[in-house]
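Asks: start_14.txt is reproduced below (compact mmCIF, C-alpha atoms and all ligand atoms).
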```txt
# COMPACT_ATOMS: atom_id res chain seq x y z
CA MET D 1 -11.41 16.61 -6.02
CA GLY D 2 -9.16 15.94 -3.09
CA THR D 3 -5.61 14.84 -2.51
CA VAL D 4 -4.12 11.34 -2.62
CA LEU D 5 -0.73 10.27 -1.24
CA VAL D 6 0.76 7.01 -2.57
CA THR D 7 3.91 5.12 -1.53
CA GLY D 8 6.11 3.11 -3.89
CA CYS D 9 5.40 4.96 -7.15
CA ASP D 10 8.71 3.88 -8.72
CA ARG D 11 6.88 1.18 -10.69
CA GLY D 12 4.06 -1.37 -10.55
CA LEU D 13 0.80 -0.76 -8.73
CA GLY D 14 1.99 2.37 -6.94
CA ARG D 15 2.84 4.09 -10.20
CA GLU D 16 -0.54 3.07 -11.60
CA PHE D 17 -2.38 4.43 -8.52
CA ALA D 18 -0.63 7.79 -8.95
CA VAL D 19 -1.52 8.00 -12.66
CA GLN D 20 -5.13 6.86 -12.27
CA TYR D 21 -5.90 9.19 -9.37
CA ALA D 22 -4.29 12.09 -11.27
CA ASP D 23 -6.31 11.20 -14.39
CA ALA D 24 -9.45 11.21 -12.21
CA GLY D 25 -8.68 14.80 -11.16
CA TYR D 26 -7.08 14.31 -7.76
CA ALA D 27 -4.01 16.20 -6.62
CA VAL D 28 -1.41 13.48 -6.09
CA VAL D 29 1.62 13.31 -3.83
CA ALA D 30 3.58 10.48 -5.47
CA THR D 31 6.38 9.12 -3.30
CA TYR D 32 9.33 7.05 -4.44
CA GLN D 33 12.10 4.94 -3.05
CA ASP D 34 14.24 6.53 -5.77
CA LEU D 35 13.08 9.99 -6.86
CA ALA D 36 15.09 9.63 -10.09
CA ARG D 37 12.30 7.28 -11.31
CA ARG D 38 9.58 9.89 -10.85
CA LEU D 39 6.66 10.11 -13.26
CA PRO D 40 6.67 12.85 -15.91
CA GLU D 41 5.79 16.30 -14.58
CA ARG D 42 2.09 17.17 -14.82
CA ASP D 43 -0.26 19.64 -13.18
CA GLY D 44 -1.51 18.53 -9.80
CA MET D 45 1.20 15.94 -9.16
CA ARG D 46 4.03 16.39 -6.68
CA HIS D 47 6.95 13.99 -6.42
CA ARG D 48 8.76 13.27 -3.16
CA ALA D 49 11.39 10.80 -2.01
CA LEU D 50 10.13 8.41 0.67
CA ASP D 51 11.96 5.22 1.55
CA VAL D 52 9.40 3.58 3.84
CA THR D 53 12.15 2.06 5.98
CA ASP D 54 13.48 5.55 6.78
CA LEU D 55 11.35 6.69 9.73
CA ALA D 56 12.94 10.15 9.78
CA ALA D 57 11.94 10.63 6.12
CA PHE D 58 8.28 10.23 7.14
CA ASP D 59 8.73 12.93 9.79
CA ARG D 60 10.25 15.30 7.23
CA LEU D 61 7.43 14.77 4.70
CA ALA D 62 4.78 15.05 7.44
CA ALA D 63 6.29 18.39 8.49
CA GLU D 64 6.19 19.59 4.88
CA LEU D 65 2.54 18.57 4.45
CA ALA D 66 1.37 19.70 7.90
CA GLY D 67 -2.14 21.13 7.77
CA GLU D 68 -2.86 19.82 4.24
CA PRO D 69 -5.87 17.49 4.03
CA ILE D 70 -5.26 14.09 2.44
CA ASP D 71 -8.44 12.39 1.18
CA ILE D 72 -7.03 8.99 0.29
CA LEU D 73 -3.82 7.53 1.72
CA VAL D 74 -2.48 4.55 -0.24
CA SER D 75 0.01 2.26 1.50
CA ASN D 76 1.36 0.35 -1.47
CA ALA D 77 5.16 0.00 -1.23
CA GLY D 78 6.13 -3.60 -0.62
CA ILE D 79 8.67 -6.29 -1.38
CA GLY D 80 8.22 -10.01 -1.97
CA ARG D 81 10.39 -12.57 -3.78
CA ASP D 82 10.61 -14.63 -0.60
CA ILE D 83 11.80 -17.84 -2.26
CA ARG D 84 14.22 -19.22 0.33
CA ARG D 85 13.14 -22.55 1.83
CA LEU D 86 13.37 -23.66 5.44
CA GLY D 87 17.04 -24.30 6.18
CA GLU D 88 18.24 -21.50 3.93
CA ILE D 89 16.33 -18.49 5.27
CA ASP D 90 17.93 -15.12 4.58
CA TYR D 91 17.20 -13.32 7.86
CA ALA D 92 18.45 -9.95 6.68
CA TYR D 93 15.89 -10.12 3.88
CA VAL D 94 13.13 -11.25 6.25
CA GLN D 95 13.92 -8.25 8.44
CA ARG D 96 13.79 -5.98 5.40
CA MET D 97 10.38 -7.40 4.42
CA LEU D 98 9.06 -6.66 7.89
CA ALA D 99 10.51 -3.14 7.74
CA VAL D 100 9.01 -2.36 4.30
CA ASN D 101 5.73 -4.31 4.38
CA THR D 102 4.72 -4.06 8.04
CA ILE D 103 6.46 -1.27 9.96
CA GLY D 104 6.53 1.23 7.08
CA PRO D 105 2.73 1.25 6.64
CA LEU D 106 2.23 1.79 10.40
CA LYS D 107 4.60 4.76 10.38
CA LEU D 108 2.88 6.07 7.24
CA VAL D 109 -0.48 6.19 8.96
CA GLU D 110 0.91 7.65 12.19
CA SER D 111 2.66 10.35 10.16
CA PHE D 112 -0.37 11.40 8.10
CA ARG D 113 -3.23 10.61 10.47
CA SER D 114 -4.16 14.25 11.06
CA ASN D 115 -3.99 15.01 7.31
CA LEU D 116 -6.32 12.10 6.62
CA ALA D 117 -8.71 13.09 9.40
CA ALA D 118 -8.89 16.55 7.82
CA GLY D 119 -9.81 15.15 4.37
CA ARG D 120 -13.33 14.85 2.99
CA GLU D 121 -13.15 11.20 1.89
CA ARG D 122 -10.96 9.86 4.73
CA ARG D 123 -10.00 6.54 3.08
CA LEU D 124 -6.98 4.44 3.99
CA LEU D 125 -6.19 1.84 1.33
CA ILE D 126 -3.60 -0.69 2.46
CA VAL D 127 -2.22 -3.02 -0.20
CA SER D 128 -1.82 -6.35 1.57
CA SER D 129 -1.76 -9.84 0.05
CA ALA D 130 -3.75 -13.06 0.18
CA MET D 131 -0.39 -14.57 1.16
CA GLY D 132 -1.00 -12.95 4.56
CA ALA D 133 -4.17 -15.00 5.11
CA ILE D 134 -3.13 -17.54 7.75
CA GLY D 135 -6.28 -19.64 7.40
CA ALA D 136 -5.82 -19.93 3.63
CA ASN D 137 -2.18 -21.03 3.81
CA LEU D 138 -2.19 -24.56 2.46
CA SER D 139 1.20 -24.51 0.72
CA GLY D 140 3.68 -23.33 3.39
CA GLY D 141 6.96 -21.49 2.82
CA HIS D 142 7.30 -17.76 2.12
CA TYR D 143 7.95 -17.19 5.83
CA GLY D 144 8.98 -13.57 5.69
CA TYR D 145 6.41 -12.40 3.15
CA ARG D 146 3.50 -14.21 4.77
CA ALA D 147 4.47 -12.93 8.23
CA SER D 148 4.92 -9.38 6.96
CA LYS D 149 1.46 -9.29 5.36
CA ALA D 150 -0.29 -11.11 8.26
CA GLY D 151 1.32 -8.53 10.57
CA LEU D 152 0.17 -5.76 8.24
CA ASN D 153 -3.38 -7.12 8.43
CA ALA D 154 -3.21 -7.07 12.24
CA ILE D 155 -2.03 -3.48 12.13
CA GLY D 156 -4.70 -2.48 9.61
CA ARG D 157 -7.44 -3.95 11.78
CA SER D 158 -6.24 -2.02 14.84
CA LEU D 159 -5.97 1.14 12.77
CA ALA D 160 -9.58 0.72 11.63
CA ILE D 161 -10.71 0.59 15.26
CA ASP D 162 -8.47 3.39 16.48
CA LEU D 163 -9.30 5.71 13.56
CA PHE D 164 -13.05 5.05 13.48
CA ALA D 165 -13.74 8.07 15.68
CA ASP D 166 -11.84 10.22 13.16
CA GLY D 167 -14.25 9.02 10.45
CA ILE D 168 -11.43 7.18 8.63
CA THR D 169 -12.42 4.04 6.70
CA VAL D 170 -9.70 1.39 6.30
CA ALA D 171 -9.50 -1.35 3.66
CA LEU D 172 -6.89 -4.11 3.54
CA LEU D 173 -6.78 -5.19 -0.09
CA HIS D 174 -5.32 -8.13 -1.99
CA PRO D 175 -4.59 -6.65 -5.45
CA GLY D 176 -4.95 -9.99 -7.19
CA TRP D 177 -2.11 -11.67 -9.03
CA VAL D 178 -0.81 -8.87 -11.21
CA ARG D 179 1.70 -8.50 -14.05
CA THR D 180 4.27 -6.38 -12.16
CA ALA D 181 7.83 -7.01 -11.02
CA GLY D 182 6.34 -8.01 -7.66
CA GLY D 183 3.87 -10.36 -9.38
CA SER D 184 4.63 -12.30 -12.52
CA ASP D 185 4.64 -11.93 -16.30
CA ASP D 186 2.05 -14.69 -16.60
CA ALA D 187 -0.31 -13.24 -13.98
CA PRO D 188 -3.91 -12.73 -15.15
CA LEU D 189 -4.34 -9.05 -14.25
CA THR D 190 -2.71 -5.89 -15.53
CA ALA D 191 -1.75 -3.18 -13.02
CA ALA D 192 -4.34 -0.93 -14.69
CA GLU D 193 -7.15 -3.46 -14.13
CA SER D 194 -6.18 -4.18 -10.52
CA VAL D 195 -5.84 -0.51 -9.56
CA ALA D 196 -9.08 0.50 -11.31
CA ALA D 197 -10.96 -2.19 -9.37
CA MET D 198 -9.35 -1.26 -6.03
CA ARG D 199 -10.11 2.43 -6.55
CA ASP D 200 -13.71 1.63 -7.40
CA PHE D 201 -14.14 -0.61 -4.35
CA VAL D 202 -12.57 1.91 -1.98
CA ARG D 203 -14.76 4.71 -3.37
CA ARG D 204 -17.87 2.64 -2.55
CA LEU D 205 -16.62 1.38 0.84
CA GLY D 206 -19.03 2.06 3.70
CA ASN D 207 -17.79 2.76 7.21
CA HIS D 208 -19.42 -0.50 8.38
CA GLN D 209 -16.87 -2.29 6.16
CA THR D 210 -13.85 -0.70 7.82
CA GLY D 211 -11.05 -3.01 8.95
CA GLY D 212 -12.00 -5.77 6.52
CA PHE D 213 -9.71 -7.79 4.27
CA TYR D 214 -10.92 -7.88 0.67
CA THR D 215 -9.86 -8.81 -2.84
CA TYR D 216 -9.30 -6.02 -5.38
CA ALA D 217 -12.89 -6.63 -6.50
CA GLY D 218 -14.29 -6.26 -2.98
CA GLN D 219 -14.86 -9.92 -2.07
CA PRO D 220 -14.17 -10.57 1.65
CA LEU D 221 -11.11 -12.73 2.31
CA PRO D 222 -10.50 -15.03 5.28
CA TRP D 223 -7.81 -13.92 7.76
N1 LIG C 1 1.74 -8.00 -8.09
C1 LIG C 1 1.08 -8.91 -7.37
O1 LIG C 1 0.66 -9.96 -7.91
C2 LIG C 1 0.83 -8.69 -5.90
C3 LIG C 1 0.11 -9.65 -5.20
C4 LIG C 1 -0.14 -9.44 -3.84
C5 LIG C 1 0.29 -8.28 -3.24
N2 LIG C 1 1.01 -7.35 -3.92
C6 LIG C 1 1.45 -6.14 -3.22
O2 LIG C 1 1.25 -5.01 -4.04
C7 LIG C 1 2.13 -3.96 -3.65
C8 LIG C 1 2.80 -3.39 -4.88
O3 LIG C 1 3.58 -4.39 -5.48
P1 LIG C 1 3.82 -4.49 -7.06
O4 LIG C 1 3.19 -5.72 -7.52
O5 LIG C 1 3.48 -3.20 -7.71
O6 LIG C 1 5.40 -4.75 -7.09
P2 LIG C 1 6.60 -3.89 -7.63
O7 LIG C 1 6.41 -3.61 -9.07
O8 LIG C 1 7.83 -4.57 -7.16
O9 LIG C 1 6.43 -2.49 -6.88
C9 LIG C 1 6.70 -2.35 -5.51
C10 LIG C 1 6.95 -0.88 -5.25
O10 LIG C 1 7.33 -0.69 -3.87
C11 LIG C 1 8.51 0.06 -3.85
N3 LIG C 1 9.34 -0.14 -2.68
C12 LIG C 1 10.02 -1.24 -2.31
N4 LIG C 1 10.71 -0.97 -1.19
C13 LIG C 1 10.47 0.32 -0.87
C14 LIG C 1 10.90 1.18 0.15
N5 LIG C 1 11.76 0.78 1.09
N6 LIG C 1 10.44 2.45 0.18
C15 LIG C 1 9.57 2.90 -0.77
N7 LIG C 1 9.14 2.14 -1.78
C16 LIG C 1 9.59 0.87 -1.82
C17 LIG C 1 9.23 -0.39 -5.10
O11 LIG C 1 10.32 0.45 -5.40
P3 LIG C 1 11.58 -0.18 -6.20
O12 LIG C 1 11.15 -0.21 -7.62
O13 LIG C 1 12.67 0.79 -5.90
O14 LIG C 1 11.85 -1.54 -5.64
C18 LIG C 1 8.10 -0.35 -6.09
O15 LIG C 1 7.81 0.93 -6.51
C19 LIG C 1 3.10 -4.59 -2.64
O16 LIG C 1 2.71 -4.23 -1.33
C20 LIG C 1 2.93 -6.08 -2.87
O17 LIG C 1 3.22 -6.86 -1.73
C21 LIG C 1 1.29 -7.53 -5.26
```
Could you render the structure from this file as structure tokens?
Ligand SMILES: NC(=O)c1ccc[n+]([C@@H]2O[C@H](COP(=O)([O-])OP(=O)(O)OC[C@H]3O[C@@H](n4cnc5c(N)ncnc54)[C@H](OP(=O)(O)O)[C@@H]3O)[C@@H](O)[C@H]2O)c1

Replies:
Amino acid sequence: MGTVLVTGCDRGLGREFAVQYADAGYAVVATYQDLARRLPERDGMRHRALDVTDLAAFDRLAAELAGEPIDILVSNAGIGRDIRRLGEIDYAYVQRMLAVNTIGPLKLVESFRSNLAAGRERRLLIVSSAMGAIGANLSGGHYGYRASKAGLNAIGRSLAIDLFADGITVALLHPGWVRTAGGSDDAPLTAAESVAAMRDFVRRLGNHQTGGFYTYAGQPLPW
């Protein structure tokens, strides 16, 4: 088995990705906004601090992992809760959403591109959101979150093209509506169900599917 690096393992989907990949036998580099919330120690799992808005922190972790292959890179860390309506927009929060949801994933891939290219599986799994689908937006609002995920989709598509020659396959995934802090208590999916489905889809992903936008179950989504 290879190595997986996941962002945002403090809770929610990121934590579940780290646990499921470790259970499946992968070596896992679990990264956290707050290392104090790290998962229990277990063989094959390393814990590192990585605030995805701290560009220098990426450089430090990339230096530490230089030369180590990464088979699957999971860009998961994200923030939502974008409830302010037009006329009461919180611009500092919009800027933070762009920093976490859009710029962080780009820096992640730039930082670990050579590790990923050196892996056997060479999969980049980017957790996006159906809220980033411009053509499917029929309800308005959520300016910052929608823009951050639409921007992430644009970045993911370019990454798929630019990394194709390295043999890296990229999937932009909507995890479904999930019972996490970022989702809702009355959402239909558990984190375990969503992550299991995303892992299964990404394992089966062919390189002809790179750069696509899909649900957790692998159904294509409109942009
Ligand atoms: N749940 C859903 O229904 C749903 C639907 C569509 C898309 N998504 C996407 O799924 C991904 C995971 O969300 P979730 O549902 O698991 O929500 P969550 O429970 O709030 O988890 C988000 C994770 O990202 C971390 N994070 C936030 N800012 C960070 C930063 N600056 N640096 C590093 N980590 C940071 C959080 O850490 P803290 O605990 O410290 O905040 C947390 O571990 C996100 O990209 C989200 O947009 C979720």

Asks: Return as a PDB file with C-alpha atoms, in the coordinates of the input the residues of protein, DNA or RNA that approach ligand LIG 1 (chain C) to within 7 Å, with all atoms listed in the file taken into account.

Replies:
```
ATOM      1  CA  THR D   7       3.910   5.120  -1.530  1.00  0.00           C
ATOM      2  CA  GLY D   8       6.110   3.110  -3.890  1.00  0.00           C
ATOM      3  CA  CYS D   9       5.400   4.960  -7.150  1.00  0.00           C
ATOM      4  CA  ASP D  10       8.710   3.880  -8.720  1.00  0.00           C
ATOM      5  CA  ARG D  11       6.880   1.180 -10.690  1.00  0.00           C
ATOM      6  CA  GLY D  12       4.060  -1.370 -10.550  1.00  0.00           C
ATOM      7  CA  LEU D  13       0.800  -0.760  -8.730  1.00  0.00           C
ATOM      8  CA  GLY D  14       1.990   2.370  -6.940  1.00  0.00           C
ATOM      9  CA  ARG D  15       2.840   4.090 -10.200  1.00  0.00           C
ATOM     10  CA  TYR D  32       9.330   7.050  -4.440  1.00  0.00           C
ATOM     11  CA  GLN D  33      12.100   4.940  -3.050  1.00  0.00           C
ATOM     12  CA  ASP D  34      14.240   6.530  -5.770  1.00  0.00           C
ATOM     13  CA  LEU D  50      10.130   8.410   0.670  1.00  0.00           C
ATOM     14  CA  ASP D  51      11.960   5.220   1.550  1.00  0.00           C
ATOM     15  CA  VAL D  52       9.400   3.580   3.840  1.00  0.00           C
ATOM     16  CA  THR D  53      12.150   2.060   5.980  1.00  0.00           C
ATOM     17  CA  ASN D  76       1.360   0.350  -1.470  1.00  0.00           C
ATOM     18  CA  ALA D  77       5.160   0.000  -1.230  1.00  0.00           C
ATOM     19  CA  GLY D  78       6.130  -3.600  -0.620  1.00  0.00           C
ATOM     20  CA  ILE D  79       8.670  -6.290  -1.380  1.00  0.00           C
ATOM     21  CA  GLY D  80       8.220 -10.010  -1.970  1.00  0.00           C
ATOM     22  CA  VAL D 100       9.010  -2.360   4.300  1.00  0.00           C
ATOM     23  CA  ASN D 101       5.730  -4.310   4.380  1.00  0.00           C
ATOM     24  CA  VAL D 127      -2.220  -3.020  -0.200  1.00  0.00           C
ATOM     25  CA  SER D 128      -1.820  -6.350   1.570  1.00  0.00           C
ATOM     26  CA  SER D 129      -1.760  -9.840   0.050  1.00  0.00           C
ATOM     27  CA  ALA D 130      -3.750 -13.060   0.180  1.00  0.00           C
ATOM     28  CA  HIS D 174      -5.320  -8.130  -1.990  1.00  0.00           C
ATOM     29  CA  PRO D 175      -4.590  -6.650  -5.450  1.00  0.00           C
ATOM     30  CA  GLY D 176      -4.950  -9.990  -7.190  1.00  0.00           C
ATOM     31  CA  TRP D 177      -2.110 -11.670  -9.030  1.00  0.00           C
ATOM     32  CA  VAL D 178      -0.810  -8.870 -11.210  1.00  0.00           C
ATOM     33  CA  ARG D 179       1.700  -8.500 -14.050  1.00  0.00           C
ATOM     34  CA  THR D 180       4.270  -6.380 -12.160  1.00  0.00           C
ATOM     35  CA  ALA D 181       7.830  -7.010 -11.020  1.00  0.00           C
ATOM     36  CA  GLY D 182       6.340  -8.010  -7.660  1.00  0.00           C
ATOM     37  CA  GLY D 183       3.870 -10.360  -9.380  1.00  0.00           C
ATOM     38  CA  SER D 184       4.630 -12.300 -12.520  1.00  0.00           C
ATOM     39  CA  ALA D 187      -0.310 -13.240 -13.980  1.00  0.00           C
TER      40      ALA D 187
END
```

Asks: Can you list, as a compact mmCIF listing (two decimals) with C-alpha atoms, keeping the file's coordinate frame, every protein, DNA or RNA residue that comes within 7 Å of stretch 111-120 of chain D when you count only C-alpha atoms, leaving out same-chain residues fewer than 3 positions away?

Replies:
```txt
# COMPACT_ATOMS: atom_id res chain seq x y z
CA PHE D 58 8.28 10.23 7.14
CA ASP D 59 8.73 12.93 9.79
CA ALA D 62 4.78 15.05 7.44
CA GLY D 67 -2.14 21.13 7.77
CA GLU D 68 -2.86 19.82 4.24
CA PRO D 69 -5.87 17.49 4.03
CA ILE D 70 -5.26 14.09 2.44
CA ASP D 71 -8.44 12.39 1.18
CA LYS D 107 4.60 4.76 10.38
CA LEU D 108 2.88 6.07 7.24
CA ASP D 166 -11.84 10.22 13.16
CA GLY D 167 -14.25 9.02 10.45
CA ILE D 168 -11.43 7.18 8.63
```

Asks: Can you tell me which residues surround D:Tyr143 at a distance of at most 12 Å, considering all atoms listed in the file, apart from same-chain residues fewer than 4 positions away, and format the answer as a list of chain:residue names?

Replies: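 Everything that qualifies: D:Gly80, D:Arg81, D:Asp82, D:Ile83, D:Arg84, D:Arg85, D:Leu86, D:Gly87, D:Glu88, D:Ile89, D:Asp90, D:Tyr91, D:Tyr93, D:Val94, D:Gln95, D:Met97, D:Leu98, D:Met131, D:Gly132, D:Ile134, D:Asn137, D:Ser139, D:Ala147, D:Ser148, D:Lys149, D:Ala150, D:Gly151.
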
Asks: Take atom CA of D:Ala136 and atom CA of D:Leu221 and report the distance between them in Å, one decimal.

Replies: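 So the two atoms, atom CA of D:Ala136 and atom CA of D:Leu221, lie 9.0 Å apart.
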
Asks: At what distance in Å, to one decimal, does atom CA of D:Ile155 lie from atom CA of D:Thr102?

Replies: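 About the pair atom CA of D:Thr102 and atom CA of D:Ile155: they are 7.9 Å apart.
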
Asks: Compare D:Arg37, D:Pro105, D:Glu121, D:Gly141 by their minimum atom-to-atom distance to D:Val4, counting all atoms listed in the file, and give me the closest one.

Replies: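 Smallest separation from D:Val4 among the options: D:Glu121.
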
Asks: Counting only C-alpha atoms, figure out which residue out of D:Ala154, D:Val74, D:Ala18, D:Ala24 gets nearest to D:His47.

Replies: D:Ala18

Asks: Could you jot down the atom CA of D:Thr190 to atom CA of D:Asp23 separation for me, Å, one decimal place?

Replies: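 We find that atom CA of D:Thr190 and atom CA of D:Asp23 lie 17.5 Å from each other.
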